[in-house]
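Data block for data_15.cif (mmCIF, C-alpha atoms; chains and numbers go by the auth columns):
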data_run
loop_
_atom_site.group_PDB
_atom_site.id
_atom_site.type_symbol
_atom_site.label_atom_id
_atom_site.label_comp_id
_atom_site.label_asym_id
_atom_site.label_seq_id
_atom_site.Cartn_x
_atom_site.Cartn_y
_atom_site.Cartn_z
_atom_site.B_iso_or_equiv
_atom_site.auth_seq_id
_atom_site.auth_asym_id
ATOM 1 C CA MET A 1 20.426 5.012 -1.155 0.00 26 A
ATOM 2 C CA SER A 2 18.343 4.357 1.957 0.00 27 A
ATOM 3 C CA THR A 3 17.106 7.940 1.869 0.00 28 A
ATOM 4 C CA VAL A 4 15.543 7.354 -1.558 0.00 29 A
ATOM 5 C CA PHE A 5 13.368 4.571 -0.154 0.00 30 A
ATOM 6 C CA ILE A 6 12.428 6.531 2.969 0.00 31 A
ATOM 7 C CA VAL A 7 11.562 9.742 1.115 0.00 32 A
ATOM 8 C CA GLY A 8 9.819 7.786 -1.656 0.00 33 A
ATOM 9 C CA GLY A 9 7.711 5.942 0.892 0.00 34 A
ATOM 10 C CA PHE A 10 6.657 9.129 2.654 0.00 35 A
ATOM 11 C CA TRP A 11 5.925 10.779 -0.707 0.00 36 A
ATOM 12 C CA LEU A 12 3.708 7.855 -1.760 0.00 37 A
ATOM 13 C CA LEU A 13 1.914 7.923 1.582 0.00 38 A
ATOM 14 C CA ALA A 14 1.326 11.683 1.262 0.00 39 A
ATOM 15 C CA LYS A 15 -0.120 11.224 -2.247 0.00 40 A
ATOM 16 C CA ALA A 16 -2.330 8.268 -1.299 0.00 41 A
ATOM 17 C CA TRP A 17 -3.748 9.510 1.990 0.00 42 A
ATOM 18 C CA PRO A 18 -5.980 12.345 0.667 0.00 43 A
ATOM 19 C CA VAL A 19 -7.336 10.063 -2.076 0.00 44 A
ATOM 20 C CA LEU A 20 -8.325 7.451 0.504 0.00 45 A
ATOM 21 C CA LEU A 21 -9.873 10.024 2.827 0.00 46 A
ATOM 22 C CA GLU A 22 -11.970 11.489 0.010 0.00 47 A
ATOM 23 C CA ALA A 23 -13.102 8.024 -1.098 0.00 48 A
ATOM 24 C CA GLN A 24 -14.106 7.174 2.471 0.00 49 A
ATOM 25 C CA ARG A 25 -15.938 10.493 2.815 0.00 50 A
ATOM 26 C CA THR A 26 -17.906 9.900 -0.390 0.00 51 A
ATOM 27 C CA ARG A 27 -18.280 6.133 0.222 0.00 52 A
ATOM 28 C CA ARG A 28 -16.708 4.995 -3.027 0.00 53 A
ATOM 29 C CA VAL A 29 -13.770 2.882 -4.134 0.00 54 A
ATOM 30 C CA ALA A 30 -10.451 4.770 -4.024 0.00 55 A
ATOM 31 C CA ASP A 31 -9.257 4.349 -7.614 0.00 56 A
ATOM 32 C CA SER A 32 -7.468 7.568 -8.520 0.00 57 A
ATOM 33 C CA GLY A 33 -4.006 8.939 -7.804 0.00 58 A
ATOM 34 C CA PRO A 34 -1.699 6.169 -6.566 0.00 59 A
ATOM 35 C CA TYR A 35 -4.739 3.890 -6.257 0.00 60 A
ATOM 36 C CA ALA A 36 -5.054 3.949 -10.042 0.00 61 A
ATOM 37 C CA ARG A 37 -1.727 2.071 -10.255 0.00 62 A
ATOM 38 C CA ILE A 38 -1.794 -0.170 -7.149 0.00 63 A
ATOM 39 C CA ARG A 39 -4.525 -1.205 -4.730 0.00 64 A
ATOM 40 C CA HIS A 40 -2.458 -0.793 -1.566 0.00 65 A
ATOM 41 C CA PRO A 41 -0.174 2.236 -1.899 0.00 66 A
ATOM 42 C CA GLN A 42 -0.253 2.852 1.863 0.00 67 A
ATOM 43 C CA TYR A 43 1.307 -0.555 2.564 0.00 68 A
ATOM 44 C CA VAL A 44 3.809 -0.179 -0.252 0.00 69 A
ATOM 45 C CA ALA A 45 4.768 3.185 1.270 0.00 70 A
ATOM 46 C CA PHE A 46 5.264 1.636 4.719 0.00 71 A
ATOM 47 C CA VAL A 47 7.403 -1.144 3.220 0.00 72 A
ATOM 48 C CA LEU A 48 9.552 1.369 1.333 0.00 73 A
ATOM 49 C CA VAL A 49 10.157 3.339 4.536 0.00 74 A
ATOM 50 C CA MET A 50 10.904 0.179 6.529 0.00 75 A
ATOM 51 C CA PHE A 51 13.295 -1.045 3.827 0.00 76 A
ATOM 52 C CA GLY A 52 15.080 2.311 3.831 0.00 77 A
ATOM 53 C CA PHE A 53 15.482 2.123 7.605 0.00 78 A
ATOM 54 C CA LEU A 54 16.678 -1.482 7.292 0.00 79 A
ATOM 55 C CA LEU A 55 19.382 -0.354 4.858 0.00 80 A
ATOM 56 C CA GLN A 56 20.309 2.591 7.040 0.00 81 A
ATOM 57 C CA TRP A 57 20.373 0.758 10.387 0.00 82 A
ATOM 58 C CA PRO A 58 20.722 -2.977 9.768 0.00 83 A
ATOM 59 C CA THR A 59 20.373 -4.771 13.103 0.00 84 A
ATOM 60 C CA LEU A 60 19.349 -8.279 14.020 0.00 85 A
ATOM 61 C CA ILE A 61 15.918 -7.121 15.159 0.00 86 A
ATOM 62 C CA THR A 62 15.253 -5.154 11.952 0.00 87 A
ATOM 63 C CA LEU A 63 16.394 -8.117 9.864 0.00 88 A
ATOM 64 C CA ILE A 64 13.953 -10.351 11.748 0.00 89 A
ATOM 65 C CA MET A 65 11.051 -7.890 11.853 0.00 90 A
ATOM 66 C CA PHE A 66 11.122 -6.810 8.205 0.00 91 A
ATOM 67 C CA PRO A 67 9.832 -10.107 6.746 0.00 92 A
ATOM 68 C CA VAL A 68 7.384 -10.475 9.639 0.00 93 A
ATOM 69 C CA LEU A 69 5.925 -7.046 8.864 0.00 94 A
ATOM 70 C CA LEU A 70 5.730 -7.910 5.151 0.00 95 A
ATOM 71 C CA ILE A 71 3.577 -10.912 6.011 0.00 96 A
ATOM 72 C CA VAL A 72 1.424 -8.895 8.405 0.00 97 A
ATOM 73 C CA TYR A 73 0.792 -6.176 5.801 0.00 98 A
ATOM 74 C CA ALA A 74 -0.020 -8.728 3.080 0.00 99 A
ATOM 75 C CA ARG A 75 -2.558 -10.447 5.354 0.00 100 A
ATOM 76 C CA LEU A 76 -4.050 -7.135 6.417 0.00 101 A
ATOM 77 C CA ALA A 77 -4.422 -6.100 2.774 0.00 102 A
ATOM 78 C CA ARG A 78 -6.258 -9.354 1.971 0.00 103 A
ATOM 79 C CA ARG A 79 -8.585 -8.844 4.929 0.00 104 A
ATOM 80 C CA GLU A 80 -9.295 -5.248 3.885 0.00 105 A
ATOM 81 C CA GLU A 81 -10.098 -6.453 0.369 0.00 106 A
ATOM 82 C CA LEU A 82 -12.762 -8.795 1.763 0.00 107 A
ATOM 83 C CA ASP A 83 -14.263 -5.824 3.610 0.00 108 A
ATOM 84 C CA ALA A 84 -14.138 -3.745 0.421 0.00 109 A
ATOM 85 C CA ILE A 85 -15.933 -6.473 -1.537 0.00 110 A
ATOM 86 C CA GLU A 86 -18.582 -6.591 1.145 0.00 111 A
ATOM 87 C CA ALA A 87 -18.978 -2.798 1.079 0.00 112 A
ATOM 88 C CA PHE A 88 -18.667 -2.121 -2.660 0.00 113 A
ATOM 89 C CA GLY A 89 -19.384 -5.447 -4.365 0.00 114 A
ATOM 90 C CA ASP A 90 -18.828 -5.502 -8.117 0.00 115 A
ATOM 91 C CA ALA A 91 -17.308 -2.008 -8.155 0.00 116 A
ATOM 92 C CA TYR A 92 -14.420 -3.257 -6.014 0.00 117 A
ATOM 93 C CA ARG A 93 -14.159 -6.560 -7.876 0.00 118 A
ATOM 94 C CA SER A 94 -13.792 -4.652 -11.137 0.00 119 A
ATOM 95 C CA TYR A 95 -11.141 -2.392 -9.596 0.00 120 A
ATOM 96 C CA ARG A 96 -9.314 -5.424 -8.171 0.00 121 A
ATOM 97 C CA ASP A 97 -9.337 -7.168 -11.545 0.00 122 A
ATOM 98 C CA ARG A 98 -7.735 -4.241 -13.376 0.00 123 A
ATOM 99 C CA THR A 99 -5.333 -2.958 -10.686 0.00 124 A
ATOM 100 C CA PRO A 100 -2.368 -4.886 -9.247 0.00 125 A
ATOM 101 C CA ALA A 101 -2.142 -5.163 -5.463 0.00 126 A
ATOM 102 C CA PHE A 102 1.405 -4.023 -4.686 0.00 127 A
ATOM 103 C CA ILE A 103 3.599 -3.727 -7.787 0.00 128 A
ATOM 104 C CA PRO A 104 2.421 -1.454 -10.608 0.00 129 A
ATOM 105 C CA ARG A 105 2.397 -2.773 -14.138 0.00 130 A
ATOM 106 C CA LEU A 106 5.054 -1.393 -16.423 0.00 131 A
ATOM 107 C CA ARG A 107 3.690 0.450 -19.410 0.00 132 A
#

Starting from the file, give its structure as structure tokens.
Amino acid sequence: MSTVFIVGGFWLLAKAWPVLLEAQRTRRVADSGPYARIRHPQYVAFVLVMFGFLLQWPTLITLIMFPVLLIVYARLARREELDAIEAFGDAYRSYRDRTPAFIPRLR
């Protein structure tokens, strides 16, 4: 089961990365691919991989670090959103209003 999370996380990261790079290159909001479903697919991918490793190798340090890293990523995402609002203004606000941060909406 842990492999599903690890592979899924790396797959999501591989799908999100080129979308983000293209958006940065063209100076626009990344809102296609995985970014059409969630605002922070890169952090979701990292969490999936970390959770898979936690399941595969549960140690005291991984049990302690996992929630710490969740908090760090959530704070980093909020900080990046403030930067995105500053850079893109209403375009990012509109994207933020229609796209969930971490968990995609079920259809």

Report the residues retrieved by the PyMOL selection byres ((chain A and resi 28) around 10) from the displayed file, expressed as a PyMOL selection string. chain A and resi 26-27+29-34+74+76-78+80-81

Set out as a tab-separated table a contact list for segment 94-128 of chain A and segment 62-68 of chain A with a cut-off of 6 Å, giving each residue of segment 94-128 of chain A that qualifies its closest atom pair and distance in Å to one decimal, counting all atoms listed in the file, ordered by chain and rising residue number.
residue	atom	partner	partner_atom	distance
A:Thr124	CA	A:Ile63	CA	5.7
A:Pro125	CA	A:Ile63	CA	5.2
A:Ala126	CA	A:Arg64	CA	4.7
A:Phe127	CA	A:Ile63	CA	5.6

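The list of residues with at least one atom within 12 Å of Ser119 of chain A, based on all atoms listed in the file and without residues fewer than 3 positions apart in the same chain, reads Val54, Asp56, Arg64, Ala109, Ile110, Phe113, Gly114, Asp115, Ala116, Asp122, Arg123, Thr124 and Pro125 of chain A.
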
Between atom CA of Trp36 of chain A and atom CA of Asp108 of chain A, distance in Å (one decimal):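 Atom-to-atom, atom CA of Trp36 of chain A to atom CA of Asp108 of chain A, that is 26.5 Å.
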
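Here atom CA of Ile96 of chain A is placed at a distance of 25.5 Å from atom CA of Gln49 of chain A.
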
State, in Å with one decimal place, the distance from atom CA of Val44 of chain A to atom CA of Pro129 of chain A.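 Spanning atom CA of Val44 of chain A to atom CA of Pro129 of chain A is a straight-line distance of 17.3 Å.
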
Expansion of the PyMOL selection byres ((chain A and resi 43) around 12) into residues, as JSON, numbers by chain: {"A": [37, 38, 39, 40, 41, 42, 44, 45, 46, 47, 48, 49, 50, 55, 56, 57, 58, 59, 60, 66, 67]}

Rank nothing, just name the residue among A:Tyr117, A:Ile128, A:Glu106, A:Met75 nearest to Leu94 of chain A, using all atoms listed in the file. A:Met75
